[in-house]
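Colleague: If it helps, the file is called work.cif and holds mmCIF, C-alpha atoms:
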data_final
loop_
_atom_site.group_PDB
_atom_site.id
_atom_site.type_symbol
_atom_site.label_atom_id
_atom_site.label_comp_id
_atom_site.auth_asym_id
_atom_site.auth_seq_id
_atom_site.Cartn_x
_atom_site.Cartn_y
_atom_site.Cartn_z
ATOM 1 C CA MET X 1005 101.942 139.111 96.588
ATOM 2 C CA ASN X 1006 101.966 136.321 99.172
ATOM 3 C CA ASN X 1007 98.462 136.125 100.704
ATOM 4 C CA THR X 1008 99.767 136.027 104.277
ATOM 5 C CA PHE X 1009 101.783 139.191 103.675
ATOM 6 C CA PHE X 1010 98.746 140.726 101.979
ATOM 7 C CA GLN X 1011 96.543 140.037 105.015
ATOM 8 C CA VAL X 1012 99.163 141.444 107.416
ATOM 9 C CA LYS X 1013 99.393 144.585 105.302
ATOM 10 C CA SER X 1014 95.586 144.883 105.156
ATOM 11 C CA PHE X 1015 95.256 144.525 108.924
ATOM 12 C CA LEU X 1016 97.966 147.117 109.512
ATOM 13 C CA ASN X 1017 96.103 149.578 107.285
ATOM 14 C CA TYR X 1018 92.877 148.840 109.182
ATOM 15 C CA TRP X 1019 94.612 149.269 112.550
ATOM 16 C CA LEU X 1020 95.995 152.643 111.500
ATOM 17 C CA ASP X 1021 92.679 153.900 110.098
ATOM 18 C CA ASN X 1022 90.010 152.611 112.487
ATOM 19 C CA VAL X 1023 88.176 154.981 114.838
ATOM 20 C CA ASP X 1024 85.698 154.724 117.696
ATOM 21 C CA GLU X 1025 82.755 156.915 118.673
ATOM 22 C CA HIS X 1026 85.023 159.753 119.826
ATOM 23 C CA SER X 1027 86.167 160.421 116.262
ATOM 24 C CA LEU X 1028 82.846 159.972 114.452
ATOM 25 C CA HIS X 1029 81.306 163.187 113.143
ATOM 26 C CA SER X 1030 78.350 161.516 111.459
ATOM 27 C CA PRO X 1031 75.303 161.403 113.784
ATOM 28 C CA PHE X 1032 74.164 158.181 112.107
ATOM 29 C CA PHE X 1033 77.444 156.350 112.601
ATOM 30 C CA PHE X 1034 77.870 157.723 116.136
ATOM 31 C CA LYS X 1035 74.485 156.240 117.052
ATOM 32 C CA PHE X 1036 75.255 153.025 115.133
ATOM 33 C CA TYR X 1037 78.543 152.635 116.963
ATOM 34 C CA THR X 1038 77.236 153.357 120.475
ATOM 35 C CA ASN X 1039 73.865 151.601 120.195
ATOM 36 C CA ILE X 1040 74.866 148.528 118.180
ATOM 37 C CA LEU X 1041 78.612 147.922 117.909
ATOM 38 C CA LYS X 1042 79.296 148.512 121.600
ATOM 39 C CA THR X 1043 76.313 146.625 123.001
ATOM 40 C CA GLN X 1044 76.056 142.937 123.840
ATOM 41 C CA LEU X 1045 73.462 140.287 123.038
ATOM 42 C CA GLN X 1046 71.346 138.984 125.906
ATOM 43 C CA SER X 1047 73.291 136.218 127.601
ATOM 44 C CA GLU X 1048 70.441 133.668 127.461
ATOM 45 C CA VAL X 1049 70.181 133.875 123.665
ATOM 46 C CA ALA X 1050 73.944 133.983 123.165
ATOM 47 C CA GLY X 1051 74.451 131.059 125.528
ATOM 48 C CA GLN X 1052 72.026 128.840 123.668
ATOM 49 C CA LEU X 1053 73.505 129.645 120.268
ATOM 50 C CA GLU X 1054 77.065 129.182 121.454
ATOM 51 C CA GLY X 1055 76.054 125.837 122.878
ATOM 52 C CA TYR X 1056 75.387 124.735 119.298
ATOM 53 C CA ARG X 1057 78.812 126.045 118.303
ATOM 54 C CA ASN X 1058 80.436 123.943 121.018
ATOM 55 C CA LYS X 1059 78.614 120.824 119.782
ATOM 56 C CA LEU X 1060 79.858 121.436 116.244
ATOM 57 C CA ILE X 1061 83.417 121.929 117.493
ATOM 58 C CA GLU X 1062 83.176 118.543 119.224
ATOM 59 C CA ASP X 1063 81.640 116.768 116.208
ATOM 60 C CA GLU X 1064 84.167 114.278 114.803
ATOM 61 C CA ARG X 1065 82.109 113.205 111.805
ATOM 62 C CA SER X 1066 83.673 113.663 108.393
ATOM 63 C CA LEU X 1067 81.969 114.957 105.261
ATOM 64 C CA PHE X 1068 82.946 115.718 101.687
ATOM 65 C CA VAL X 1069 82.849 119.396 100.747
ATOM 66 C CA GLU X 1070 82.770 120.529 97.150
ATOM 67 C CA ASP X 1071 84.358 123.971 96.766
ATOM 68 C CA LEU X 1072 82.280 126.040 94.371
ATOM 69 C CA GLY X 1073 84.136 129.299 95.016
ATOM 70 C CA ALA X 1074 87.665 130.410 95.784
ATOM 71 C CA GLY X 1075 88.300 127.428 98.040
ATOM 72 C CA SER X 1076 89.440 127.324 101.640
ATOM 73 C CA ALA X 1077 92.669 128.628 103.125
ATOM 74 C CA PHE X 1078 92.620 125.690 105.567
ATOM 75 C CA PHE X 1079 91.569 122.675 103.476
ATOM 76 C CA LYS X 1080 92.358 121.097 100.135
ATOM 77 C CA SER X 1081 89.734 121.798 97.482
ATOM 78 C CA ASN X 1082 86.968 119.213 97.085
ATOM 79 C CA SER X 1083 88.046 117.172 100.076
ATOM 80 C CA ALA X 1084 86.757 115.292 103.110
ATOM 81 C CA ARG X 1085 86.789 117.417 106.262
ATOM 82 C CA MET X 1086 85.854 116.903 109.883
ATOM 83 C CA ILE X 1087 82.914 118.971 111.076
ATOM 84 C CA ARG X 1088 84.867 120.136 114.103
ATOM 85 C CA ASP X 1089 87.613 121.556 111.863
ATOM 86 C CA ILE X 1090 85.087 123.373 109.672
ATOM 87 C CA ALA X 1091 83.455 124.790 112.808
ATOM 88 C CA ARG X 1092 86.785 126.091 114.088
ATOM 89 C CA THR X 1093 87.887 127.730 110.841
ATOM 90 C CA SER X 1094 84.879 128.586 108.686
ATOM 91 C CA ILE X 1095 81.991 129.735 110.894
ATOM 92 C CA SER X 1096 81.651 133.459 111.601
ATOM 93 C CA PRO X 1097 83.234 134.308 114.977
ATOM 94 C CA ARG X 1098 80.826 134.865 117.838
ATOM 95 C CA LYS X 1099 81.197 138.645 117.968
ATOM 96 C CA TYR X 1100 80.259 139.036 114.296
ATOM 97 C CA SER X 1101 77.265 136.679 114.437
ATOM 98 C CA ASN X 1102 76.255 138.533 117.580
ATOM 99 C CA LEU X 1103 76.556 141.854 115.734
ATOM 100 C CA TYR X 1104 74.386 140.728 112.813
ATOM 101 C CA LEU X 1105 71.585 139.763 115.178
ATOM 102 C CA ARG X 1106 71.841 143.089 117.031
ATOM 103 C CA ILE X 1107 71.499 144.936 113.705
ATOM 104 C CA ILE X 1108 68.446 142.871 112.766
ATOM 105 C CA ASN X 1109 66.867 143.541 116.166
ATOM 106 C CA GLU X 1110 67.678 147.264 116.126
ATOM 107 C CA TYR X 1111 65.998 147.879 112.780
ATOM 108 C CA ASN X 1112 63.265 145.228 113.077
ATOM 109 C CA TYR X 1113 64.329 143.561 109.848
ATOM 110 C CA THR X 1114 62.142 140.727 108.614
ATOM 111 C CA THR X 1115 63.406 139.570 105.205
ATOM 112 C CA ILE X 1116 66.908 138.158 105.633
ATOM 113 C CA ILE X 1117 69.142 136.581 102.962
ATOM 114 C CA GLU X 1118 72.327 134.624 103.721
ATOM 115 C CA LEU X 1119 74.647 133.449 100.966
ATOM 116 C CA GLY X 1120 76.735 130.618 102.396
ATOM 117 C CA ALA X 1121 75.000 128.729 105.209
ATOM 118 C CA CYS X 1122 78.091 126.639 105.982
ATOM 119 C CA LEU X 1123 77.169 124.514 109.026
ATOM 120 C CA GLY X 1124 74.151 126.684 109.836
ATOM 121 C CA LEU X 1125 75.180 128.319 113.104
ATOM 122 C CA ASN X 1126 75.339 131.854 111.746
ATOM 123 C CA THR X 1127 71.929 131.230 110.171
ATOM 124 C CA LEU X 1128 70.492 130.515 113.614
ATOM 125 C CA TYR X 1129 71.801 133.883 114.793
ATOM 126 C CA LEU X 1130 70.135 135.632 111.852
ATOM 127 C CA ALA X 1131 66.875 133.789 112.589
ATOM 128 C CA SER X 1132 66.848 134.517 116.333
ATOM 129 C CA SER X 1133 64.779 137.670 115.956
ATOM 130 C CA PRO X 1134 61.127 136.582 116.364
ATOM 131 C CA SER X 1135 59.941 138.513 113.304
ATOM 132 C CA SER X 1136 62.721 137.485 110.912
ATOM 133 C CA LYS X 1137 62.334 135.114 107.979
ATOM 134 C CA VAL X 1138 65.675 133.813 106.729
ATOM 135 C CA THR X 1139 66.422 132.333 103.332
ATOM 136 C CA THR X 1140 69.883 130.817 103.368
ATOM 137 C CA PHE X 1141 71.761 129.424 100.363
ATOM 138 C CA GLU X 1142 74.382 126.667 100.390
ATOM 139 C CA GLY X 1143 76.005 125.163 97.315
ATOM 140 C CA ALA X 1144 77.925 122.331 99.014
ATOM 141 C CA GLU X 1145 75.522 119.452 99.681
ATOM 142 C CA GLY X 1146 77.571 118.081 102.597
ATOM 143 C CA LEU X 1147 77.385 121.397 104.434
ATOM 144 C CA ALA X 1148 73.697 121.799 103.593
ATOM 145 C CA ARG X 1149 72.890 118.439 105.225
ATOM 146 C CA ILE X 1150 74.611 119.417 108.476
ATOM 147 C CA ALA X 1151 72.982 122.868 108.441
ATOM 148 C CA GLU X 1152 69.537 121.320 107.996
ATOM 149 C CA GLU X 1153 70.283 118.912 110.825
ATOM 150 C CA LEU X 1154 71.171 121.867 113.061
ATOM 151 C CA PHE X 1155 68.005 123.789 112.138
ATOM 152 C CA LYS X 1156 65.887 120.778 113.103
ATOM 153 C CA SER X 1157 67.775 120.360 116.375
ATOM 154 C CA ALA X 1158 67.104 124.027 117.202
ATOM 155 C CA ALA X 1159 63.446 123.722 116.103
ATOM 156 C CA ALA X 1160 63.934 126.784 113.888
ATOM 157 C CA GLN X 1161 60.701 127.395 111.968
ATOM 158 C CA ASN X 1162 61.690 130.621 110.181
ATOM 159 C CA ILE X 1163 64.599 129.332 108.063
ATOM 160 C CA ARG X 1164 64.383 128.138 104.467
ATOM 161 C CA LEU X 1165 67.454 126.407 103.076
ATOM 162 C CA VAL X 1166 68.082 126.656 99.323
ATOM 163 C CA ARG X 1167 70.496 124.049 98.005
ATOM 164 C CA GLY X 1168 72.581 124.175 94.838
ATOM 165 C CA ASN X 1169 74.739 126.598 92.890
ATOM 166 C CA ILE X 1170 74.005 130.121 94.131
ATOM 167 C CA ASP X 1171 74.689 131.525 90.658
ATOM 168 C CA VAL X 1172 71.539 129.705 89.554
ATOM 169 C CA SER X 1173 69.394 129.694 92.692
ATOM 170 C CA LEU X 1174 69.777 133.320 93.851
ATOM 171 C CA PRO X 1175 68.313 135.062 90.763
ATOM 172 C CA LYS X 1176 65.404 132.611 90.790
ATOM 173 C CA GLU X 1177 64.632 133.071 94.492
ATOM 174 C CA LEU X 1178 64.871 136.871 94.371
ATOM 175 C CA THR X 1179 62.049 137.065 91.830
ATOM 176 C CA ALA X 1180 59.620 136.233 94.651
ATOM 177 C CA ILE X 1181 61.040 138.843 97.068
ATOM 178 C CA ASN X 1182 60.027 142.511 96.997
ATOM 179 C CA ILE X 1183 62.544 143.974 99.464
ATOM 180 C CA VAL X 1184 65.629 142.483 101.116
ATOM 181 C CA ASP X 1185 66.082 144.078 104.551
ATOM 182 C CA PHE X 1186 69.395 142.457 105.489
ATOM 183 C CA ALA X 1187 71.761 140.292 103.470
ATOM 184 C CA LEU X 1188 75.027 138.569 104.330
ATOM 185 C CA ILE X 1189 77.321 137.614 101.440
ATOM 186 C CA ASP X 1190 79.662 134.850 102.623
ATOM 187 C CA ALA X 1191 80.074 132.633 99.565
ATOM 188 C CA ASN X 1192 82.402 132.248 96.580
ATOM 189 C CA HIS X 1193 85.087 134.680 97.715
ATOM 190 C CA ARG X 1194 86.128 135.854 94.267
ATOM 191 C CA TYR X 1195 85.791 139.236 92.581
ATOM 192 C CA GLU X 1196 83.251 138.609 89.817
ATOM 193 C CA PRO X 1197 80.824 136.313 91.704
ATOM 194 C CA THR X 1198 80.876 138.668 94.706
ATOM 195 C CA LEU X 1199 79.953 141.653 92.548
ATOM 196 C CA LYS X 1200 77.292 139.595 90.789
ATOM 197 C CA TYR X 1201 75.683 138.613 94.099
ATOM 198 C CA PHE X 1202 75.856 142.178 95.360
ATOM 199 C CA ASP X 1203 74.255 143.523 92.181
ATOM 200 C CA LEU X 1204 71.385 141.053 92.460
ATOM 201 C CA LEU X 1205 70.777 141.889 96.118
ATOM 202 C CA ALA X 1206 71.150 145.650 95.599
ATOM 203 C CA SER X 1207 68.348 145.515 93.048
ATOM 204 C CA LYS X 1208 66.023 144.463 95.888
ATOM 205 C CA VAL X 1209 67.029 146.777 98.743
ATOM 206 C CA ALA X 1210 65.219 149.733 100.309
ATOM 207 C CA PRO X 1211 66.939 152.873 101.661
ATOM 208 C CA LYS X 1212 67.110 151.383 105.180
ATOM 209 C CA SER X 1213 68.464 147.996 104.087
ATOM 210 C CA ILE X 1214 71.963 146.750 104.925
ATOM 211 C CA VAL X 1215 74.131 144.324 102.962
ATOM 212 C CA VAL X 1216 77.119 142.765 104.747
ATOM 213 C CA LEU X 1217 80.111 141.468 102.821
ATOM 214 C CA ASP X 1218 82.234 138.929 104.721
ATOM 215 C CA ASP X 1219 86.026 138.544 104.459
ATOM 216 C CA ILE X 1220 86.601 141.866 102.692
ATOM 217 C CA HIS X 1221 90.336 141.769 103.426
ATOM 218 C CA SER X 1222 90.942 138.030 103.019
ATOM 219 C CA SER X 1223 92.464 138.368 99.542
ATOM 220 C CA ARG X 1224 93.277 140.892 96.835
ATOM 221 C CA ASP X 1225 90.157 139.725 94.965
ATOM 222 C CA MET X 1226 87.904 140.499 97.920
ATOM 223 C CA GLU X 1227 89.496 143.872 98.619
ATOM 224 C CA GLN X 1228 88.981 144.827 94.978
ATOM 225 C CA ALA X 1229 85.348 143.716 95.195
ATOM 226 C CA TRP X 1230 84.912 145.773 98.376
ATOM 227 C CA THR X 1231 86.380 148.851 96.673
ATOM 228 C CA ALA X 1232 84.093 148.395 93.669
ATOM 229 C CA ILE X 1233 81.044 148.123 95.927
ATOM 230 C CA GLN X 1234 82.014 151.311 97.763
ATOM 231 C CA GLN X 1235 82.018 153.090 94.411
ATOM 232 C CA ASP X 1236 78.639 151.720 93.299
ATOM 233 C CA ALA X 1237 76.167 154.538 92.570
ATOM 234 C CA ARG X 1238 73.486 152.839 94.698
ATOM 235 C CA VAL X 1239 75.720 152.868 97.786
ATOM 236 C CA TRP X 1240 75.625 155.912 100.066
ATOM 237 C CA ALA X 1241 77.820 154.760 102.936
ATOM 238 C CA THR X 1242 80.014 151.852 103.990
ATOM 239 C CA ALA X 1243 81.606 150.734 107.246
ATOM 240 C CA ASP X 1244 84.787 148.633 107.351
ATOM 241 C CA LEU X 1245 85.024 146.360 110.428
ATOM 242 C CA TYR X 1246 88.031 144.517 108.963
ATOM 243 C CA ARG X 1247 86.521 141.046 108.758
ATOM 244 C CA CYS X 1248 83.338 142.366 107.200
ATOM 245 C CA GLY X 1249 82.034 145.447 105.449
ATOM 246 C CA LEU X 1250 78.589 146.980 105.931
ATOM 247 C CA VAL X 1251 76.850 148.657 103.003
ATOM 248 C CA PHE X 1252 74.121 151.289 103.438
ATOM 249 C CA PHE X 1253 71.705 152.588 100.801
ATOM 250 C CA ASP X 1254 70.131 155.632 102.486
ATOM 251 C CA PRO X 1255 70.721 158.850 100.438
ATOM 252 C CA SER X 1256 70.596 160.908 103.641
ATOM 253 C CA LEU X 1257 74.020 159.480 104.566
ATOM 254 C CA ASN X 1258 75.669 161.639 101.889
ATOM 255 C CA LYS X 1259 78.413 159.395 100.511
ATOM 256 C CA GLN X 1260 80.720 158.500 103.381
ATOM 257 C CA HIS X 1261 83.035 155.652 104.309
ATOM 258 C CA VAL X 1262 84.149 154.870 107.849
ATOM 259 C CA VAL X 1263 86.614 152.381 109.309
ATOM 260 C CA LEU X 1264 85.253 151.347 112.703
ATOM 261 C CA ARG X 1265 87.094 149.799 115.637
ATOM 262 C CA PHE X 1266 85.474 146.499 116.500
#
Give the structure from this file in structure tokens form.
Modeller:
Amino acid sequence: MNNTFFQVKSFLNYWLDNVDEHSLHSPFFFKFYTNILKTQLQSEVAGQLEGYRNKLIEDERSLFVEDLGAGSAFFKSNSARMIRDIARTSISPRKYSNLYLRIINEYNYTTIIELGACLGLNTLYLASSPSSKVTTFEGAEGLARIAEELFKSAAAQNIRLVRGNIDVSLPKELTAINIVDFALIDANHRYEPTLKYFDLLASKVAPKSIVVLDDIHSSRDMEQAWTAIQQDARVWATADLYRCGLVFFDPSLNKQHVVLRF
């Protein structure tokens, strides 16, 4: 199936299925929707972070990016790319980065994992909660250099960047972590690596933890991975926001899946 047609079909299914707070019977998801999805980040914080986005969008430097995963829909594999073009096409949109920070703030999460730092802007969102400690992984050295440059510019003291192949670095780093509070999987958008990363992270979660899977409808591979994760015995609830999926591990949620308007 042509991937463009696949994405149109996936969005149509999402559009037909999504609901807002008026159709949510679950008290947990009603509160999640009204308290988190419908709220906005404080303008001062958002303004500062989006200022960094604007600088990246204006950055005309070029760097070589090695594709270690499924590759990009916008660039040739293993190619030179302008930072401004990467910023326009590959960074999480503002409303999703904004959402991740609101979740972290709402639940006072401290141990944060990000797979796929890209240029580092989304990492700054994840690290904006004063109590959070973020470990972010990036396999492409060119992207890692720009991300580190951004962290220094923002004087971010609570971010640790792990370079190299995530298949190797993630298992090693997780041995030193007891509980992962919040994790964002945004790397190697293929079925088997995605499930591998999820399995590793799920072995370190607590009942109140949340794992976010990015680009769940970007390809057949990712939709199949999303379906497999929904069926995982450790998962008690999931929320489909179209671009991303949220995974919950609390047994009190009693096995439910919701498609939320966002």
Colleague: Counting only C-alpha atoms, what is within 12 Å of Arg1224 of chain X, bar same-chain residues fewer than 3 positions away, as an MDAnalysis selection string?
Modeller: chainID X and resid 1005:1011 1013:1014 1074 1193:1195 1219:1221 1227:1231
Colleague: List as CSV every residue of segment 1040-1153 of chain X that is in contact with segment 1238-1250 of chain X, defined as an atom at most 10 Å from one of its atoms (using all atoms listed in the file), together with the nearest atom pair and the distance in Å rounded to one decimal, sorted by chain and then rising number.
Modeller:
residue,atom,partner,partner_atom,distance
X:Leu1041,CA,X:Leu1245,CA,10.0
X:Ser1096,CA,X:Arg1247,CA,9.5
X:Pro1097,CA,X:Arg1247,CA,9.7
X:Tyr1100,CA,X:Cys1248,CA,8.4
Colleague: On this structure, the PyMOL selection byres ((chain X and resi 1200) around 12) would catch which residues? List them as a list in words, sorted by chain and number.
Modeller: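 That selection, the PyMOL selection byres ((chain X and resi 1200) around 12), comes back as Ile1170, Asp1171, Val1172, Leu1174, Pro1175, Ile1189, Ala1191, Asn1192, His1193, Arg1194, Tyr1195, Glu1196, Pro1197, Thr1198, Leu1199, Tyr1201, Phe1202, Asp1203, Leu1204, Leu1205, Ala1206, Ser1207, Ala1229, Ala1232 and Ile1233 of chain X.
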Colleague: Can you tell me how far atom CA of Glu1025 of chain X sits from atom CA of Glu1048 of chain X, in Å to one decimal?
Modeller: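 A separation of 27.7 Å between them.
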Colleague: One decimal, Å: what's the distance from atom CA of Val1138 of chain X over to atom CA of Gln1044 of chain X, could you say?
Modeller: 22.0 Å
Colleague: Contacts of segment 1165-1169 of chain X at 9 Å or less, counting all atoms listed in the file, minus same-chain residues fewer than 5 places along, as a ChimeraX atom specification?
Modeller: /X:1072,1121,1138-1145,1148,1151-1152,1174,1177
Colleague: Could you give me the axis-aligned bounding box of segment 1025-1029 of chain X, with 6 Å of padding per side, as centre plus edge lengths in Å to one decimal, as JSON?
Modeller:
{"center_x": 83.7, "center_y": 160.1, "center_z": 116.5, "size_x": 16.9, "size_y": 18.3, "size_z": 18.7}
Colleague: Can you measure atom CA of Leu1130 of chain X to atom CA of Glu1070 of chain X for me? One decimal in Å is fine.
Modeller: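 Distance between the two atoms: 24.6 Å.
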Colleague: What would the list of residues within 8 Å of (63.9, 141.9, 94.7) (file frame) look like as a list in words, if all atoms listed in the file are what count?
Modeller: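 Residues satisfying the cut-off, written out: Leu1178, Thr1179, Ala1180, Ile1181, Asn1182, Ile1183, Val1184, Leu1204, Leu1205, Ser1207, Lys1208 and Val1209 of chain X.
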